[in-house]
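Single-structure report; data block below.
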Protein chains: 2
Amino acid sequence: MLQLLHFPLCPYSRKVRVAVREKELPAELTLVEPWRSGDSLLALNPAAEVPVLQDGELVIVDSAVICEYLDEVRPEPALIGKTPAERAETRRLVAWFDGKFVREVTDLIWREKLIKRIKDKETPDSRAVRVGLGNIDLHLAYIAYLFERRNWLAGETLSLADIAAAAQLSVLDYMGDVPWDRHPGAKLWYSRIKSRPSFRPLLADRLPALKPADHYDDLDF
Amino acid sequence: MLQLLHFPLCPYSRKVRVAVREKELPAELTLVEPWRSGDSLLALNPAAEVPVLQDGELVIVDSAVICEYLDEVRPEPALIGKTPAERAETRRLVAWFDGKFVREVTDLIWREKLIKRIKDKETPDSRAVRVGLGNIDLHLAYIAYLFERRNWLAGETLSLADIAAAAQLSVLDYMGDVPWDRHPGAKLWYSRIKSRPSFRPLLADRLPALKPADHYDDLDF
């Protein structure tokens, strides 16, 4: 069975958790707090980050690398696409949410409000949080734009693009920081992925130090 | 023929330029300054970044996505690896240099000293540059560590891991900011990739606003 080291409120860990379930691959999850794990995590991943996937003796790190690996060893259902053009479009959007969205939104809200709190016991930089909250609208509008034109974000079928975007938004939604009411198109898309069985375990996550927003696990939010 | 929009001193553009030549794919290069290109770049890439690859009607953006695409449409020579395990190791190191190295080194040196200068006519934040210069040793030591154990960074053959690492280091080397003398193992590896025909065009790049370090195009540096 696959072994997955993850942190429940880490968006990259969440992306892999959903992908593993969409692929119907059994996996045993182990909760890791990277900042407390020291050498045991470092021995598996020199970058000292989660998620880490172990498939027998093989150790795979970095969420994008893990997702490519899963798609290679279990091609169906295809989560990246079939043709090179489809695959380029899925990967473009994954890079958008894993990179651009993280720099412009997640790092400024989630890292400040959640990670600083549980890791460093520090208060958030409220200016950074404000900038992140200001940046989120453009991304939600982009999701709505894509979803108006396609069945899912990257094309006709659910893909890693949806999973990467929803994983990021889900940790912000835990804190009640996603202005869904201003973006009905993005909300419609999110309610669709939120109701998938692969997504349910994320909605059951609870951090002892921080309760989720009231609507967090509500499928009819 | 492939069309590649690039900026000469952009490490991600350089990664793609080397990959295209290693694949022996003819490509026409167009120089783009992303901060001056406005809507024409935005129409191709909503993230408004280079590199952008055009293959006929198809537009592919994000350097990692472009490299995956090249490996799919032209599998030989393999630049990611053959088995899922080899491919996971190559991609792990690409993610290391494209992500961790950029955050800890390139963004603090290259963005401050070069991009700020040519884009914003601003002077660099010397504190950020110092932090970047302090972080580079760990990465050069890691390159030496890998190169002692393997023929190339990710295994027996040249891969995108080497190309990604060398692309980052090459823009720092243009400014003379790589302490090669402290890291003879990393220097040996770099001299090996630097002497490949695919790498030569990078050594001929010159920015009007900034001359390269004296040893920049010297193969016996």
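Letters A, B, ... go to the chains of the structure tokens in the order shown; residues in each chain start at 1; ligands are counted from 1 in the same order.
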I want to know what sits within 9 Å of Glu86 of chain A, based on only C-alpha atoms, with residues of the same chain fewer than 6 positions away left out; could you give that as a PyMOL selection string? chain A and resi 80+154-155
What are the residues of chain B that have an atom within 6 Å of an atom of chain A, counting only C-alpha atoms, as a PyMOL selection string? chain B and resi 65+88+91
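Residue nearest Leu5 of chain A, chosen from A:Asp120, A:Asp98, A:Glu22, A:Asp55 and counting only C-alpha atoms: A:Asp55.
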Leaving out Ala48 of chain A and any residue of its chain fewer than 6 positions from it, which residues lie within 7 Å of it when counting only C-alpha atoms, given as a short mmCIF file (atom, residue, chain, number, x, y, z; two decimals) with C-alpha atoms, in the first residue's frame?
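Written out: result.cif:
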data_model
loop_
_atom_site.label_atom_id
_atom_site.label_comp_id
_atom_site.auth_asym_id
_atom_site.auth_seq_id
_atom_site.Cartn_x
_atom_site.Cartn_y
_atom_site.Cartn_z
CA PRO A 34 7.29 19.44 8.99
CA LEU A 41 11.60 13.93 7.35
CA LEU A 42 14.94 15.28 6.07
#
Would you give me, as a PyMOL selection string, the residues in segment 93-160 of chain B that DSSP reads as alpha helix (DSSP H)? chain B and resi 93-95+107-110+126-149+160
Can you work out the spacing between atom CA of Asn151 of chain A and atom CA of Pro51 of chain B in Å, to one decimal? 28.2 Å
Min atom-atom distance to Leu53 of chain B from the set B:Ile109, B:Ile136, B:Leu172, B:Leu29, counting only C-alpha atoms, belongs to B:Leu29
Select, from A:Pro208, A:Pro184, A:Pro124, A:Pro75, the residue with the minimum atom-to-atom distance to Val20 of chain A, counting only C-alpha atoms.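 For Val20 of chain A, the nearest of the candidates is A:Pro75.
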Might you pull out every residue within 8 Å of Ala141 of chain A, with only C-alpha atoms counted and same-chain residues fewer than 2 positions away left off, and present them as a list in words? Asp137, Leu138, His139, Ile143, Ala144, Tyr145, His183, Gly185 and Ala186 of chain A
Could you name the residues that touch Asp218 of chain A at 12 Å or less, counting only C-alpha atoms, but leaving out those on the same chain fewer than 4 positions away, as a list in words?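 Within the cut-off, the hits are Asp173, Tyr174, Tyr190, Ser191, Lys194, Ser195, Arg200, Leu202, Leu203, Ala204, Pro212, Ala213 and Asp214 of chain A.
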Which residue, B:Ala161, B:Met1, B:Asp107, B:Glu57, has the smallest gap to Leu146 of chain B when you use only C-alpha atoms?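 Among the listed residues, the smallest separation from Leu146 of chain B belongs to B:Ala161.
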Need the shell around Lys15 of chain B: protein/DNA/RNA residues with any atom at most 6 Å away, counting only C-alpha atoms. Skip same-chain ones fewer than 4 positions apart. Format as a PyMOL selection string? chain B and resi 163-164+167
